[in-house]
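Peer 1: Just one file: my_file.cif, with mmCIF, C-alpha atoms.
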data_target
loop_
_atom_site.label_atom_id
_atom_site.label_comp_id
_atom_site.auth_asym_id
_atom_site.auth_seq_id
_atom_site.Cartn_x
_atom_site.Cartn_y
_atom_site.Cartn_z
CA MET A 28 0.00 0.00 0.00
CA CYS A 29 2.82 2.33 0.68
CA ASN A 30 4.21 1.77 -2.80
CA SER A 31 0.98 2.91 -4.45
CA LYS A 32 1.11 6.22 -2.57
CA LEU A 33 4.68 6.73 -3.73
CA LYS A 34 3.70 6.13 -7.34
CA ILE A 35 0.96 8.71 -7.13
CA LYS A 36 3.29 11.30 -5.68
CA ASN A 37 5.96 10.63 -8.33
CA SER A 38 3.45 10.85 -11.17
CA LYS A 39 2.28 14.25 -9.89
CA LEU A 40 5.85 15.53 -9.79
CA THR A 41 6.60 14.51 -13.37
CA THR A 42 3.76 16.62 -14.86
CA ALA A 43 5.70 19.91 -14.57
CA PHE A 44 7.86 21.31 -17.43
CA THR A 45 11.62 21.22 -17.21
CA ILE A 46 13.71 24.31 -17.90
CA VAL A 47 14.92 22.80 -21.17
CA GLU A 48 11.35 22.27 -22.37
CA LEU A 49 10.45 25.87 -21.46
CA LEU A 50 13.50 27.19 -23.36
CA VAL A 51 12.62 25.12 -26.42
CA ALA A 52 9.00 26.32 -26.33
CA MET A 53 10.06 29.97 -25.93
CA THR A 54 12.53 29.62 -28.80
CA LEU A 55 9.82 28.22 -31.05
CA VAL A 56 7.46 31.08 -30.11
CA VAL A 57 10.17 33.67 -30.84
CA ILE A 58 10.91 32.06 -34.22
CA LEU A 59 7.19 32.09 -35.10
CA VAL A 60 6.84 35.76 -34.10
CA VAL A 61 9.92 36.76 -36.14
CA LEU A 62 8.71 34.82 -39.19
CA SER A 63 5.23 36.30 -38.96
CA SER A 64 6.64 39.84 -38.66
CA VAL A 65 8.86 39.29 -41.71
CA ILE A 66 5.88 37.99 -43.69
CA PHE A 67 3.75 40.92 -42.48
CA ALA A 68 6.43 43.46 -43.52
CA ALA A 69 6.73 41.83 -46.95
CA ALA A 70 2.94 41.93 -47.36
CA ILE A 71 2.88 45.65 -46.45
CA ASN A 72 5.64 46.41 -48.98
CA ALA A 73 3.83 44.40 -51.67
CA HIS A 74 0.60 46.27 -50.94
CA ARG A 75 2.34 49.65 -51.20
CA THR A 76 3.99 48.65 -54.47
CA ALA A 77 0.67 47.43 -55.86
CA ASP A 78 -1.04 50.68 -54.83
CA SER A 79 1.69 52.75 -56.50
CA THR A 80 1.51 50.67 -59.66
CA MET A 81 -2.28 50.99 -59.78
CA GLU A 82 -2.05 54.77 -59.38
CA ILE A 83 0.54 55.06 -62.15
CA THR A 84 -1.57 52.83 -64.40
CA ARG A 85 -4.69 54.89 -63.65
CA ARG A 86 -2.90 58.15 -64.48
CA ALA A 87 -1.44 56.67 -67.67
CA GLY A 88 -4.95 55.58 -68.68
CA VAL A 89 -6.30 59.10 -68.11
CA ILE A 90 -3.46 60.58 -70.20
CA ALA A 91 -4.01 58.04 -72.98
CA GLU A 92 -7.75 58.80 -72.99
CA GLN A 93 -7.03 62.56 -73.20
CA LEU A 94 -4.61 62.03 -76.11
CA LYS A 95 -7.13 59.80 -77.87
CA ASN A 96 -9.91 62.38 -77.48
CA ASP A 97 -7.67 65.20 -78.72
CA VAL A 98 -6.54 63.28 -81.81
CA ARG A 99 -10.09 62.05 -82.48
CA GLY A 100 -11.31 65.67 -82.56
CA LEU A 101 -8.47 66.86 -84.82
CA ARG A 102 -9.77 69.46 -87.27
CA LYS A 103 -8.63 68.76 -90.81
CA ASP A 104 -9.53 72.29 -91.97
CA ALA A 105 -7.24 74.02 -89.43
CA PRO A 106 -3.46 74.34 -89.32
CA LEU A 107 -1.29 71.75 -87.64
CA ALA A 108 2.28 72.59 -86.62
CA ILE A 109 5.02 70.21 -85.54
CA TRP A 110 8.40 71.68 -84.61
CA PHE A 111 11.39 71.14 -82.41
CA GLU A 112 14.00 73.26 -80.73
CA ASN A 113 17.57 72.30 -80.03
CA VAL A 114 18.55 73.91 -76.74
CA ASP A 115 21.83 74.22 -74.87
CA THR A 116 20.89 72.91 -71.43
CA THR A 117 24.44 72.50 -70.12
CA GLY A 118 25.75 75.99 -70.96
CA ASP A 119 28.64 74.83 -73.16
CA GLY A 120 27.37 76.58 -76.30
CA LEU A 121 26.23 73.37 -78.00
CA ALA A 122 22.58 72.44 -78.52
CA ASP A 123 22.39 69.14 -76.67
CA THR A 124 18.69 68.65 -75.99
CA ARG A 125 15.82 68.48 -78.46
CA PHE A 126 12.34 69.58 -77.45
CA ASP A 127 9.56 68.39 -79.78
CA GLN A 128 6.21 70.18 -79.86
CA ILE A 129 2.92 69.85 -81.70
CA LEU A 130 0.07 72.35 -82.02
CA PHE A 131 -3.34 71.69 -83.60
CA PHE A 132 -7.02 72.56 -83.36
CA ALA A 133 -9.55 70.00 -82.17
CA ASN A 134 -13.30 69.65 -81.70
CA GLY A 135 -14.54 68.60 -78.30
CA ASP A 136 -16.03 69.80 -75.05
CA PHE A 137 -13.59 72.33 -73.58
CA GLN A 138 -13.74 74.79 -70.74
CA THR A 139 -11.36 77.22 -69.05
CA ILE A 140 -10.71 77.28 -65.35
CA LYS A 141 -11.65 80.86 -64.42
CA GLN A 142 -8.94 82.39 -66.63
CA TYR A 143 -10.98 85.26 -68.07
CA ASN A 144 -11.77 87.79 -65.34
CA GLY A 145 -12.62 84.97 -62.97
CA SER A 146 -15.29 83.44 -65.17
CA THR A 147 -15.38 80.04 -66.86
CA VAL A 148 -15.67 79.88 -70.65
CA TRP A 149 -17.01 76.83 -72.50
CA GLY A 150 -16.36 75.99 -76.14
CA ASN A 151 -16.40 73.19 -78.69
CA VAL A 152 -13.10 74.06 -80.48
CA SER A 153 -9.72 74.51 -78.85
CA ARG A 154 -6.11 75.05 -79.82
CA ILE A 155 -4.12 72.24 -78.23
CA GLN A 156 -0.35 72.23 -77.77
CA TYR A 157 1.74 69.35 -76.50
CA GLY A 158 5.31 70.07 -75.53
CA HIS A 159 7.66 70.08 -72.59
CA ALA A 160 6.51 71.42 -69.25
CA TRP A 161 8.29 74.35 -67.67
CA GLN A 162 10.33 73.82 -64.56
CA VAL A 163 9.05 76.04 -61.78
CA ASP A 164 11.46 77.78 -59.43
CA THR A 165 10.24 76.33 -56.13
CA ALA A 166 11.96 79.05 -54.09
CA THR A 167 9.86 81.84 -55.63
CA SER A 168 7.03 79.78 -57.21
CA GLU A 169 7.76 81.76 -60.40
CA PHE A 170 5.93 80.30 -63.41
CA LEU A 171 6.49 81.47 -66.96
CA LYS A 172 3.52 81.15 -69.31
CA GLY A 173 4.93 80.52 -72.75
CA TYR A 174 5.71 77.88 -75.30
CA ARG A 175 9.38 78.43 -76.09
CA THR A 176 12.20 77.03 -74.02
CA GLY A 177 14.95 79.19 -72.60
CA ILE A 178 12.95 82.44 -72.42
CA ASP A 179 14.47 85.01 -70.08
CA ILE A 180 12.54 85.65 -66.90
CA PRO A 181 12.71 89.06 -65.17
CA MET A 182 15.62 88.05 -62.93
CA GLY A 183 17.78 87.49 -66.03
CA ASN A 184 17.86 83.73 -65.60
CA THR A 185 16.31 81.32 -68.06
CA LEU A 186 13.54 78.94 -67.22
CA PRO A 187 14.48 75.54 -68.68
CA ALA A 188 11.95 73.05 -69.97
CA SER A 189 11.65 69.74 -68.19
CA ASN A 190 11.27 66.23 -69.58
CA LEU A 191 7.60 66.16 -68.57
CA LEU A 192 4.88 66.25 -71.20
CA SER A 193 2.69 69.34 -70.99
CA ARG A 194 -0.74 69.88 -72.57
CA ARG A 195 -2.12 73.35 -73.04
CA ALA A 196 -5.59 73.94 -74.49
#
So, in terms of structure tokens, how does the structure I just supplied come out?
Peer 2:
Amino acid sequence: MCNSKLKIKNSKLTTAFTIVELLVAMTLVVILVVLSSVIFAAAINAHRTADSTMEITRRAGVIAEQLKNDVRGLRKDAPLAIWFENVDTTGDGLADTRFDQILFFANGDFQTIKQYNGSTVWGNVSRIQYGHAWQVDTATSEFLKGYRTGIDIPMGNTLPASNLLSRRA
């Protein structure tokens, strides 16, 4: 009878975890947490990249639609001009950059954005010009309204054209 009591006591003592088992369990938990955080960070980066790609694709689609509408409304009875300018952008006296431009008239649904004494003007014909956008001096927010590159601004500096496509209607 005494032996059966001893067996019960020993079986109760063996149900606890040893320090080695606790260390192994904690190590496994840490590995799982690190792996899940790495997977979570990769998923966040993939989501950001996908959002950026979708935004770029959406903007490209809007630009393509605008180009398609402009060319679809091209007036065949009005002048069309295509020209380029070779400009010295480095200051060495040699024309090293070519800026292509196109100007035409198109039918469509056009409106100004409060450019004429604060009022909006609607029309069904517009002169459309595609060319290079002007670079704006961010220190003074100076913006030159014109079509030619390298025009002198009041400070005596020139306002160079950028590599961005600009549409003026």
Peer 1: Find the distance between CA of Ala133 in chain A and CA of Val98 in chain A and write it in Å to one decimal.
Peer 2: 7.4 Å
Peer 1: Taking the file as I've supplied it (selection: the PyMOL selection byres ((chain A and resi 135) around 9)), which residues are included? Please answer as a list in words.
Peer 2: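 Applied to this file, the PyMOL selection byres ((chain A and resi 135) around 9) returns Asn96, Asp97, Arg99, Gly100, Ala133, Asn134, Asp136, Phe137, Gly150, Asn151, Val152 and Ser153 of chain A.
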Peer 1: Go ahead and find all residues with at least one atom no further than 6 Å from (4.3, 68.5, -73.2) in the file's coordinates, using all atoms listed in the file; report them as a ChimeraX atom specification.
Peer 2: /A:157-160,192-194
Peer 1: Report the distance between CA of Ile90 in chain A and CA of Ile155 in chain A in Å, rounded to one decimal place.
Peer 2: 14.2 Å
Peer 1: Would you translate the PyMOL selection byres ((chain A and resi 107) around 9) into the concrete set of residues it matches in this file, as a list in words?
Peer 2: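 Listing what the PyMOL selection byres ((chain A and resi 107) around 9) selects in the shown file: Arg102, Lys103, Ala105, Pro106, Ala108, Ile109, Ile129, Leu130, Phe131 and Phe132 of chain A.
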Peer 1: CA of Gln128 in chain A to CA of Glu112 in chain A: how many Å, to one decimal?
Peer 2: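 Those two atoms sit 8.4 Å apart.
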Peer 1: With distances taken over only C-alpha atoms, which residue among A:Thr139, A:Thr147, A:Asn113, A:Thr45 lies nearest Arg125 in chain A?
Peer 2: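 Of A:Thr139, A:Thr147, A:Asn113, A:Thr45, the one nearest Arg125 in chain A, counting only C-alpha atoms, is A:Asn113.
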Peer 1: Can you report as lines of an AutoDock Vina configuration file the centre and edge lengths in Å, to one decimal, of an axis-aligned box around the listed atoms of range 66-82 of chain A padded with 4 Å on each side?
Peer 2:
center_x = 2.2
center_y = 46.4
center_z = -51.1
size_x = 17.0
size_y = 24.8
size_z = 25.3
